[in-house]
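Peer 1: Shown below is the structure under consideration.
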Amino acid sequence: MATLISLRRRIRASMNVSKTTRAMQMIAASKLKRAQDAALSSRPYVKRLSDLVQDISQKVEDKTIHPYIHQETDSKKTLIVALSPDKGLCGSLITNLIREFLSFTKENPSATYIVCGKKLEAQVAKLPNEVLASFVFGTTLPKFEAVFPIIQLINDLYINKKISSVKVLYTDFSSIFSQVPKVATLLPITLSQPEVTEKSQKKSQLYEPGVNEILPSMLKHYIEMALYQFLLESYLSEQASRMIAMQNATNNAKDIIEALKLEYNKTRQSKITSELLDITGSRRAQQYGEQ
């Protein structure tokens with residue numbers, strides 16, 4: 001009887017786990033749709049904004065007009081903005097993110113950090129490096145206002161020449177089944193050499209009032225949008241990874257339930273058979289005694 005009771009308890013516990021993981025899967029799926037729409041729809045805008053910044057920067061004669069493009073400093077420090085989820089249960093995403101973070105710290109032992117997300121906050125706290133600020137990543141779709149305090153900290157250090165570069169550690173969304181941790185350079189902005197073709201020679205863009213007047217505001221907006229895109233990519237990757245992880249957990253719980261039910265039925269049938277044999281044997285002994 002003890003074995004049957006134990007099996008019933010295990011089946012009930014597995015069913016509760018299955019219901020919980022199923023509910024978490026549905027929540028992640030609902031958040032995934034909104035996050036995917038936001039992240040994928042803003043990608044073309046950020047890409048076009050990057051092309052405009054490149055084009056305007058190439059037309060500016062004085063490349064030192066803005067520190068975002070050209071910065072001369074004696075400092076060799078790097079500021080890393082680390083983005084991570086606040087909650088777990090999202091598969092191997094956090095493990096891969098921590099692995100990329102540890103690899104980066106080995107190459108940049110003197111880096112300064114801004115952390116956004118609790119899962120990397122504990123890892124950064126173990127290092128002797130300076131942590132400027134720690135923000136909560138949140139469990140809802142990031143708002144554009146979230147980039148302003150981070151940008152303010154970046155400007156205070158970068159424009160005052162206390163750091164030489166700014167990098168962002170985030171999780172890039174490739175597909176629902178693939179999220180890759182990456183380190184991207186935010187500042188300084190690297191100017192690529194334009195490809196000279198017949199089409200580009202015929203195409204000419206005019207900017208009013210002028211490239212020197214437009215460039216500062218354009219660079220400011222580009223940095224804000226680029227950082228916001230990193231937040232959207234990280235949030236989208238988190239929801240996709242959690243949905244897949246909870247789906248796998250639900251399937252595993254169902255497999256365990258089926259296996260436990262099979263074992264329970266075998267044990268129950270064996271017990272019934274044993275009781276029938278005991279009753280039959282007792283009846284036969286009683287008949288032999290009467291004879």
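Identifiers in the structure tokens: chain A, B, ... in order shown; residue index from 1 per chain; ligand index from 1 in order shown.
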Taking the DSSP secondary structure from the backbone, can you list the residues of segment 125-275 of chain A that are strand (DSSP E or B), as an mmCIF file with N, CA and C atoms, in the first residue's frame?
Peer 2:
data_model
loop_
_atom_site.group_PDB
_atom_site.id
_atom_site.type_symbol
_atom_site.label_atom_id
_atom_site.label_comp_id
_atom_site.auth_asym_id
_atom_site.auth_seq_id
_atom_site.Cartn_x
_atom_site.Cartn_y
_atom_site.Cartn_z
ATOM 1 N N VAL A 131 31.440 49.259 -10.424
ATOM 2 C CA VAL A 131 30.077 49.158 -10.950
ATOM 3 C C VAL A 131 29.417 50.523 -10.776
ATOM 4 N N LEU A 132 29.161 51.197 -11.873
ATOM 5 C CA LEU A 132 28.606 52.549 -11.809
ATOM 6 C C LEU A 132 27.163 52.559 -11.359
ATOM 7 N N ALA A 133 26.374 51.631 -11.891
ATOM 8 C CA ALA A 133 24.944 51.617 -11.567
ATOM 9 C C ALA A 133 24.386 50.235 -11.883
ATOM 10 N N SER A 134 23.266 49.943 -11.242
ATOM 11 C CA SER A 134 22.567 48.679 -11.478
ATOM 12 C C SER A 134 21.087 48.988 -11.641
ATOM 13 N N PHE A 135 20.523 48.533 -12.737
ATOM 14 C CA PHE A 135 19.121 48.785 -13.048
ATOM 15 C C PHE A 135 18.353 47.465 -13.111
ATOM 16 N N SER A 165 35.994 53.592 -24.678
ATOM 17 C CA SER A 165 34.993 52.938 -25.520
ATOM 18 C C SER A 165 33.841 52.434 -24.662
ATOM 19 N N VAL A 166 32.716 52.186 -25.313
ATOM 20 C CA VAL A 166 31.515 51.661 -24.648
ATOM 21 C C VAL A 166 31.054 50.440 -25.428
ATOM 22 N N LYS A 167 30.888 49.336 -24.728
ATOM 23 C CA LYS A 167 30.416 48.098 -25.348
ATOM 24 C C LYS A 167 29.161 47.614 -24.643
ATOM 25 N N VAL A 168 28.351 46.854 -25.353
ATOM 26 C CA VAL A 168 27.090 46.353 -24.814
ATOM 27 C C VAL A 168 27.089 44.830 -24.909
ATOM 28 N N LEU A 169 26.890 44.176 -23.769
ATOM 29 C CA LEU A 169 26.726 42.725 -23.727
ATOM 30 C C LEU A 169 25.235 42.425 -23.706
ATOM 31 N N TYR A 170 24.755 41.748 -24.733
ATOM 32 C CA TYR A 170 23.330 41.466 -24.852
ATOM 33 C C TYR A 170 23.141 40.111 -25.519
ATOM 34 N N THR A 171 21.893 39.696 -25.651
ATOM 35 C CA THR A 171 21.567 38.437 -26.329
ATOM 36 C C THR A 171 20.863 38.751 -27.634
ATOM 37 N N ASP A 172 21.475 38.357 -28.728
ATOM 38 C CA ASP A 172 20.935 38.638 -30.060
ATOM 39 C C ASP A 172 19.925 37.576 -30.446
ATOM 40 N N PHE A 173 18.779 38.017 -30.936
ATOM 41 C CA PHE A 173 17.709 37.104 -31.334
ATOM 42 C C PHE A 173 17.898 36.706 -32.792
ATOM 43 N N SER A 174 18.261 35.432 -33.004
ATOM 44 C CA SER A 174 18.380 34.913 -34.367
ATOM 45 C C SER A 174 17.079 34.262 -34.816
ATOM 46 N N SER A 175 16.519 33.418 -33.944
ATOM 47 C CA SER A 175 15.232 32.774 -34.192
ATOM 48 C C SER A 175 14.659 32.337 -32.851
ATOM 49 N N SER A 178 17.112 29.966 -31.424
ATOM 50 C CA SER A 178 18.523 30.357 -31.361
ATOM 51 C C SER A 178 18.649 31.789 -30.861
ATOM 52 N N GLN A 179 19.310 31.944 -29.704
ATOM 53 C CA GLN A 179 19.612 33.257 -29.132
ATOM 54 C C GLN A 179 21.090 33.245 -28.734
ATOM 55 N N VAL A 180 21.852 34.167 -29.310
ATOM 56 C CA VAL A 180 23.310 34.137 -29.166
ATOM 57 C C VAL A 180 23.775 35.358 -28.373
ATOM 58 N N PRO A 181 24.530 35.171 -27.283
ATOM 59 C CA PRO A 181 25.090 36.322 -26.558
ATOM 60 C C PRO A 181 26.209 36.975 -27.363
ATOM 61 N N LYS A 182 26.205 38.306 -27.419
ATOM 62 C CA LYS A 182 27.191 39.041 -28.201
ATOM 63 C C LYS A 182 27.651 40.286 -27.443
ATOM 64 N N VAL A 183 28.811 40.776 -27.833
ATOM 65 C CA VAL A 183 29.331 42.044 -27.323
ATOM 66 C C VAL A 183 29.461 42.986 -28.512
ATOM 67 N N ALA A 184 28.696 44.074 -28.493
ATOM 68 C CA ALA A 184 28.697 45.049 -29.596
ATOM 69 C C ALA A 184 29.297 46.356 -29.111
ATOM 70 N N THR A 185 29.987 47.046 -30.004
ATOM 71 C CA THR A 185 30.584 48.337 -29.688
ATOM 72 C C THR A 185 29.577 49.444 -29.947
ATOM 73 N N LEU A 186 29.287 50.211 -28.914
ATOM 74 C CA LEU A 186 28.356 51.335 -29.044
ATOM 75 C C LEU A 186 29.094 52.625 -29.375
ATOM 76 N N LEU A 187 30.196 52.868 -28.682
ATOM 77 C CA LEU A 187 31.032 54.054 -28.899
ATOM 78 C C LEU A 187 32.503 53.659 -28.858
#
Peer 1: Calculate how many Å separate atom CA of Leu219 of chain A from atom CA of His70 of chain A, rounding to one decimal.
Peer 2: 12.2 Å
Peer 1: Kindly give the distance, in Å, that separates atom CA of Lys19 of chain A and atom CA of Ala240 of chain A, rounded to a single decimal.
Peer 2: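 Separation between atom CA of Lys19 of chain A and atom CA of Ala240 of chain A: 19.3 Å.
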Peer 1: Got a sec to tell me which of segment 176-290 of chain A DSSP assigns to alpha helix (DSSP H), as number ranges by chain?
Peer 2: A: 198-202, 211-290
Peer 1: List the spatial neighbours of Leu141 of chain A as an mmCIF file with C-alpha atoms, in the first residue's frame - criterion: any atom at most 8 Å away, only C-alpha atoms, same-chain residues fewer than 5 positions off excluded.
Peer 2:
data_model
loop_
_atom_site.group_PDB
_atom_site.id
_atom_site.type_symbol
_atom_site.label_atom_id
_atom_site.label_comp_id
_atom_site.auth_asym_id
_atom_site.auth_seq_id
_atom_site.Cartn_x
_atom_site.Cartn_y
_atom_site.Cartn_z
ATOM 1 C CA LYS A 31 4.827 38.210 -24.369
ATOM 2 C CA ARG A 34 4.544 41.650 -28.626
ATOM 3 C CA ALA A 35 8.319 41.557 -28.174
ATOM 4 C CA LEU A 232 14.421 44.852 -27.211
ATOM 5 C CA TYR A 235 13.876 40.922 -23.940
#
Peer 1: Out of A:Val115, A:Leu276, A:Leu89, A:Met243, which residue has the shortest atom-to-atom distance to Phe101 of chain A when counting only C-alpha atoms?
Peer 2: A:Val115
Peer 1: Which of these, A:Ser50, A:Thr3, A:Gln123, A:Ser274, has the shortest distance to Ile94 of chain A once you count only C-alpha atoms?
Peer 2: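 Closest to Ile94 of chain A, using only C-alpha atoms: A:Gln123.
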Peer 1: Of the candidates A:Arg99, A:Pro44, A:Glu61, A:Thr21, which one gets nearest to Asn212 of chain A if we count only C-alpha atoms?
Peer 2: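 Of all the options, A:Glu61 lies closest to Asn212 of chain A.
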Peer 1: Residues near Ile214 of chain A, anyone? I mean within 12 Å using only C-alpha atoms, not counting same-chain ones fewer than 4 positions away, as a PyMOL selection string.
Peer 2: chain A and resi 52-53+55-57+59-60+65-66+206-210+218-221
